[in-house]
Amino acid sequence: MPPVEQSGSSSIEQTGYWWYDARNDLLRAGLGEWVGRPERVLDVGSADGPSARWLPQQGRVAVDLDVRGLVPGRDACASALALPFRDGTFDVVAAFDVVEHCEPEATAVAELARVLRPGGRMLVSVPAYQWAWSDHDVRAGHHRRYTRRRLVAALEREGLEVRRATHAFALVFPMFAAERVVRRLRPPAPGASRLPQPAPWMDRLLRALCRLETRLLARRDLPFGSSVLVAAVKPE
């Protein structure tokens, strides 16, 4: 596997990108049922909020290594491998596209589970399919991509009870797969944008397909897609 290059958050560098807007809506459709009415929410890795606008903001604490999106006095600059909170602090722990950045994986999942109270809910998303590994994963600082089975197993090893496991970004998946093939045949030039920039008509199409998918995802699990979403509960 190629070496991992750590970098800042592209969601801060490229605000308004179609994928972040779509992910916010897909996460809400796929995982919103398990949020409930929490008093304390920990949002790990999305301090700038592109995937967590739908989470309750009252009682929300963000943790990130990129300080640019953190609110002084409320949030924490820290690693998911060593969360600066006591056991059982939060009712909901969200980690959207975080675990793939962490090595070892088991330590990150154990930390997320540790700060979750008994009966609390963990909401996780990760990128799917190791065959889709590309220069984008290297630039983003990923260690791995996931199958649904692998993510479920990682959470269950920490004693969590998985309530939902589904793919997302299914309707745009053909474009995703084609883009990954092109990246392998013609890698982007050094210094190019980390995120592929679609033409305006393609941007509109991608957003429209994802809006349609939010309605599907709210009713049923999807068998494929470029992301995996999981909702799990910590036993009481």
# chains A, B, ... in the order shown; residues from 1 in each chain; ligands from 1
call {"tool": "select_by_dssp", "arguments": {"residues": "range 106-199 of chain A", "states": "helix (DSSP H, G or I)", "output": "VMD selection string"}}
result
chain A and resid 106 to 114 130 to 132 135 to 140 148 to 156 173 to 185
call {"tool": "residues_around", "arguments": {"residues": "Val67 in chain A", "least_positions_apart": "2", "cutoff": "10 Å", "atoms": "only C-alpha atoms", "output": "mmCIF file with C-alpha atoms, in the first residue's frame"}}
result
data_model
loop_
_atom_site.group_PDB
_atom_site.id
_atom_site.type_symbol
_atom_site.label_atom_id
_atom_site.label_comp_id
_atom_site.auth_asym_id
_atom_site.auth_seq_id
_atom_site.Cartn_x
_atom_site.Cartn_y
_atom_site.Cartn_z
ATOM 1 C CA GLY A 8 -5.519 19.266 6.326
ATOM 2 C CA SER A 9 -9.233 19.022 5.777
ATOM 3 C CA ALA A 47 -15.171 20.360 13.199
ATOM 4 C CA ASP A 48 -16.046 22.548 10.208
ATOM 5 C CA VAL A 63 -12.699 17.037 17.994
ATOM 6 C CA ASP A 64 -10.292 17.465 15.105
ATOM 7 C CA LEU A 65 -6.574 17.633 14.347
ATOM 8 C CA GLY A 69 -12.818 24.548 12.265
ATOM 9 C CA LEU A 70 -12.626 24.371 16.064
ATOM 10 C CA VAL A 71 -14.462 26.719 18.424
ATOM 11 C CA PRO A 72 -12.092 27.837 21.228
ATOM 12 C CA ASP A 75 -13.997 22.019 20.991
ATOM 13 C CA ALA A 76 -10.764 20.054 21.359
ATOM 14 C CA CYS A 77 -7.741 19.657 19.115
ATOM 15 C CA ALA A 78 -6.993 15.985 19.661
#
call {"tool": "residues_around", "arguments": {"residues": "Ala108 in chain A", "least_positions_apart": "4", "cutoff": "8 Å", "atoms": "only C-alpha atoms", "output": "list in words"}}
result
Ala80, Leu81, Ala82, Val99, Cys102, Glu103, Pro104 and Leu112 of chain A
call {"tool": "residues_around", "arguments": {"residues": "His101 in chain A", "least_positions_apart": "6", "cutoff": "7 Å", "atoms": "only C-alpha atoms", "output": "MDAnalysis selection string"}}
result
chainID A and resid 141:143
call {"tool": "select_by_dssp", "arguments": {"residues": "range 36-187 of chain A", "states": "strand (DSSP E)", "output": "PyMOL selection string"}}
result
chain A and resi 41-44+60-64+76-77+90-96+116-127+161-168
call {"tool": "write_last_selection", "arguments": {"atoms": "C-alpha atoms", "output": "PDB file, in the first residue's frame"}}
result
ATOM      1  CA  VAL A  41     -22.869  14.851  21.223  1.00  0.00           C
ATOM      2  CA  LEU A  42     -19.255  14.209  20.230  1.00  0.00           C
ATOM      3  CA  ASP A  43     -18.473  14.905  16.574  1.00  0.00           C
ATOM      4  CA  VAL A  44     -15.038  13.507  15.779  1.00  0.00           C
ATOM      5  CA  ARG A  60     -22.198  19.287  20.551  1.00  0.00           C
ATOM      6  CA  VAL A  61     -18.427  19.086  21.000  1.00  0.00           C
ATOM      7  CA  ALA A  62     -16.101  18.706  18.033  1.00  0.00           C
ATOM      8  CA  VAL A  63     -12.699  17.037  17.994  1.00  0.00           C
ATOM      9  CA  ASP A  64     -10.292  17.465  15.105  1.00  0.00           C
ATOM     10  CA  ALA A  76     -10.764  20.054  21.359  1.00  0.00           C
ATOM     11  CA  CYS A  77      -7.741  19.657  19.115  1.00  0.00           C
ATOM     12  CA  PHE A  90     -21.553  11.316  25.447  1.00  0.00           C
ATOM     13  CA  ASP A  91     -25.021  10.162  24.399  1.00  0.00           C
ATOM     14  CA  VAL A  92     -24.052  10.157  20.715  1.00  0.00           C
ATOM     15  CA  VAL A  93     -20.583   9.740  19.201  1.00  0.00           C
ATOM     16  CA  ALA A  94     -20.272  10.507  15.484  1.00  0.00           C
ATOM     17  CA  ALA A  95     -17.180   9.726  13.410  1.00  0.00           C
ATOM     18  CA  PHE A  96     -17.800  10.499   9.753  1.00  0.00           C
ATOM     19  CA  LEU A 116     -19.944   6.648  24.737  1.00  0.00           C
ATOM     20  CA  ARG A 117     -22.325   6.103  27.646  1.00  0.00           C
ATOM     21  CA  PRO A 118     -24.137   2.752  28.044  1.00  0.00           C
ATOM     22  CA  GLY A 119     -27.221   2.949  25.860  1.00  0.00           C
ATOM     23  CA  GLY A 120     -25.602   5.621  23.715  1.00  0.00           C
ATOM     24  CA  ARG A 121     -25.450   5.539  19.931  1.00  0.00           C
ATOM     25  CA  MET A 122     -22.392   5.483  17.689  1.00  0.00           C
ATOM     26  CA  LEU A 123     -22.705   6.750  14.114  1.00  0.00           C
ATOM     27  CA  VAL A 124     -19.871   5.979  11.695  1.00  0.00           C
ATOM     28  CA  SER A 125     -19.128   6.377   8.005  1.00  0.00           C
ATOM     29  CA  VAL A 126     -16.084   5.191   6.038  1.00  0.00           C
ATOM     30  CA  PRO A 127     -15.033   4.988   2.371  1.00  0.00           C
ATOM     31  CA  GLU A 161     -24.580  -3.782  18.802  1.00  0.00           C
ATOM     32  CA  VAL A 162     -24.957  -2.797  15.153  1.00  0.00           C
ATOM     33  CA  ARG A 163     -28.490  -1.673  14.319  1.00  0.00           C
ATOM     34  CA  ARG A 164     -27.977  -0.561  10.739  1.00  0.00           C
ATOM     35  CA  ALA A 165     -25.233  -1.079   8.160  1.00  0.00           C
ATOM     36  CA  THR A 166     -25.739   0.216   4.636  1.00  0.00           C
ATOM     37  CA  HIS A 167     -23.881   1.620   1.689  1.00  0.00           C
ATOM     38  CA  ALA A 168     -24.425   5.175   0.433  1.00  0.00           C
TER      39      ALA A 168
END
call {"tool": "closest_residue", "arguments": {"among": "A:Arg86, A:Arg114, A:Arg37, A:Arg150", "to": "Tyr129 in chain A", "atoms": "only C-alpha atoms"}}
result
A:Arg150
call {"tool": "atom_distance", "arguments": {"atom1": "CA of Ser134 in chain A", "atom2": "CA of Ala177 in chain A"}}
result
11.2 Å
call {"tool": "closest_residue", "arguments": {"among": "A:Val138, A:Ala132, A:Leu195, A:Ala189", "to": "Ser226 in chain A", "atoms": "only C-alpha atoms"}}
result
A:Ala132
call {"tool": "residues_around", "arguments": {"residues": "Gly30 in chain A", "least_positions_apart": "2", "cutoff": "6 Å", "atoms": "only C-alpha atoms", "output": "PyMOL selection string"}}
result
chain A and resi 26-28+217-218
call {"tool": "residues_around", "arguments": {"residues": "range 200-210 of chain A", "least_positions_apart": "6", "cutoff": "10 Å", "atoms": "only C-alpha atoms", "output": "list in words"}}
result
Tyr17, Trp18, Trp19, Asp21, Ala22, Arg23, Asp25, Leu26, Ala168, Phe169, Ala170, Leu171, Val172, Met175, Leu216 and Leu217 of chain A
call {"tool": "write_last_selection", "arguments": {"atoms": "C-alpha atoms", "output": "PDB file, in the first residue's frame"}}
result
ATOM      1  CA  TYR A  17     -18.220  20.930  -2.834  1.00  0.00           C
ATOM      2  CA  TRP A  18     -21.124  18.761  -3.995  1.00  0.00           C
ATOM      3  CA  TRP A  19     -19.939  15.624  -2.146  1.00  0.00           C
ATOM      4  CA  ASP A  21     -23.456  18.674   0.782  1.00  0.00           C
ATOM      5  CA  ALA A  22     -24.674  15.269  -0.406  1.00  0.00           C
ATOM      6  CA  ARG A  23     -22.967  13.429   2.446  1.00  0.00           C
ATOM      7  CA  ASP A  25     -28.079  14.726   3.586  1.00  0.00           C
ATOM      8  CA  LEU A  26     -27.276  11.026   3.112  1.00  0.00           C
ATOM      9  CA  ALA A 168     -24.425   5.175   0.433  1.00  0.00           C
ATOM     10  CA  PHE A 169     -23.624   7.104  -2.747  1.00  0.00           C
ATOM     11  CA  ALA A 170     -25.123   4.225  -4.732  1.00  0.00           C
ATOM     12  CA  LEU A 171     -26.778   6.209  -7.523  1.00  0.00           C
ATOM     13  CA  VAL A 172     -23.549   8.039  -8.366  1.00  0.00           C
ATOM     14  CA  MET A 175     -19.349   7.785 -12.039  1.00  0.00           C
ATOM     15  CA  LEU A 216     -34.314   5.652  -0.922  1.00  0.00           C
ATOM     16  CA  LEU A 217     -31.863   5.490   1.976  1.00  0.00           C
TER      17      LEU A 217
END
call {"tool": "atom_distance", "arguments": {"atom1": "CA of Arg183 in chain A", "atom2": "CA of Gly45 in chain A"}}
result
26.2 Å
call {"tool": "closest_residue", "arguments": {"among": "A:Trp131, A:Leu83, A:Gly36, A:Gln57", "to": "Val181 in chain A", "atoms": "only C-alpha atoms"}}
result
A:Trp131
